[in-house]
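File shown here: query_39.txt, holding compact mmCIF, C-alpha atoms.
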# COMPACT_ATOMS: atom_id res chain seq x y z
CA MET A 1 96.89 32.64 -18.62
CA LEU A 2 93.92 34.48 -17.16
CA THR A 3 93.24 31.65 -14.71
CA PHE A 4 96.79 31.88 -13.38
CA SER A 5 96.46 35.63 -12.90
CA PHE A 6 93.16 35.17 -11.07
CA GLU A 7 94.77 32.62 -8.74
CA TYR A 8 97.58 35.09 -8.08
CA PHE A 9 95.04 37.76 -7.13
CA LEU A 10 93.31 35.35 -4.75
CA SER A 11 96.58 34.43 -3.05
CA VAL A 12 97.58 38.06 -2.52
CA TRP A 13 94.35 39.30 -0.85
CA PRO A 14 94.79 37.60 2.54
CA LYS A 15 98.33 38.94 2.86
CA LEU A 16 97.17 42.44 2.05
CA LEU A 17 94.52 42.28 4.72
CA GLU A 18 97.16 41.08 7.19
CA ALA A 19 99.30 44.14 6.33
CA VAL A 20 96.91 46.37 8.27
CA PRO A 21 98.04 46.57 11.90
CA ALA A 22 96.08 44.37 14.30
CA GLY A 23 95.34 47.37 16.52
CA GLN A 24 93.12 48.85 13.83
CA THR A 25 90.94 45.74 13.74
CA GLU A 26 90.84 45.57 17.53
CA ALA A 27 89.73 49.20 17.71
CA ALA A 28 86.93 48.49 15.22
CA ILE A 29 85.79 45.57 17.38
CA VAL A 30 85.74 47.81 20.46
CA PHE A 31 83.53 50.29 18.60
CA GLY A 32 81.13 47.45 17.87
CA LEU A 33 81.45 47.39 14.09
CA SER A 34 80.17 44.30 12.32
CA PRO A 35 82.76 42.23 10.41
CA TRP A 36 81.50 43.61 7.08
CA ARG A 37 81.73 47.24 8.23
CA ARG A 38 85.10 46.51 9.81
CA VAL A 39 86.50 45.40 6.47
CA MET A 40 84.82 48.11 4.39
CA HIS A 41 85.53 51.11 6.64
CA ILE A 42 88.76 50.23 8.47
CA ILE A 43 90.78 47.52 6.74
CA LEU A 44 90.27 48.10 3.00
CA PRO A 45 90.99 51.85 3.03
CA GLN A 46 94.36 51.08 4.61
CA ALA A 47 95.11 48.00 2.47
CA LEU A 48 94.28 49.57 -0.92
CA PRO A 49 97.31 51.90 -1.05
CA ILE A 50 99.52 48.94 -0.17
CA MET A 51 98.07 46.72 -2.90
CA LEU A 52 97.64 49.29 -5.66
CA PRO A 53 101.15 49.05 -7.21
CA GLY A 54 101.05 45.26 -7.37
CA LEU A 55 97.51 45.24 -8.72
CA VAL A 56 98.32 47.71 -11.49
CA ASN A 57 101.44 45.72 -12.36
CA GLN A 58 99.43 42.50 -12.63
CA ILE A 59 96.81 44.15 -14.85
CA ILE A 60 99.54 45.46 -17.14
CA GLU A 61 101.06 41.96 -17.35
CA ILE A 62 97.68 40.50 -18.31
CA ILE A 63 97.24 43.09 -21.07
CA LYS A 64 100.76 42.52 -22.39
CA ASP A 65 100.40 38.73 -22.36
CA ASN A 66 97.07 38.89 -24.15
CA SER A 67 98.38 41.25 -26.81
CA LEU A 68 101.36 38.94 -27.43
CA ALA A 69 99.06 35.95 -27.75
CA LEU A 70 96.90 37.76 -30.30
CA ALA A 71 99.93 38.82 -32.35
CA ALA A 72 101.36 35.30 -32.58

Write-out of the structure in structure tokens:
Amino acid sequence: MLTFSFEYFLSVWPKLLEAVPAGQTEAAIVFGLSPWRRVMHIILPQALPIMLPGLVNQIIEIIKDNSLALAA
């Protein structure tokens, strides 16, 4: 079950990074930011609020599934 959840997380990340408007990335390139700084300072702060509800939901599902497996 945990492997499936991990694969779900990996499939969601690229879409979250695409949710940030392209103009933000282009502006970071114009300012001369390296790819690492671009992601850390421009893209992730805007993508985190978008992904937070889904991430919390997935964590809750993992906890619920594990508790059901232990009870059975």

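Across the structure, atom CA of Ala27 of chain A and atom CA of Ile43 of chain A are spaced 11.1 Å apart.
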
Practice problem: Counting all atoms listed in the file, write as an MDAnalysis selection string all protein and nucleic acid residues lying at most 12 Å from (95.0, 48.1, -2.7) in the file's frame. | Solution: chainID A and resid 9 12:17 19:20 43:57

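The residue that comes closest to Arg38 of chain A, out of A:Glu61, A:Glu7, A:Glu26, A:Glu18 and on the basis of only C-alpha atoms, is A:Glu26.
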
Quiz item: With all atoms listed in the file as the atoms that count, which of A:Ser67, A:Leu10, A:Ile42, A:Ile59 lies nearest to Ile29 of chain A?
Solution: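 Ranking A:Ser67, A:Leu10, A:Ile42, A:Ile59 by distance to Ile29 of chain A, first place goes to A:Ile42.
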
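The two atoms in question, atom CA of Pro35 of chain A and atom CA of Ala22 of chain A, are spaced 14.0 Å apart.
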
Exercise. Could you please determine the separation between atom CA of Gly23 of chain A and atom CA of Tyr8 of chain A in Å, to one decimal place?
Key: 27.6 Å
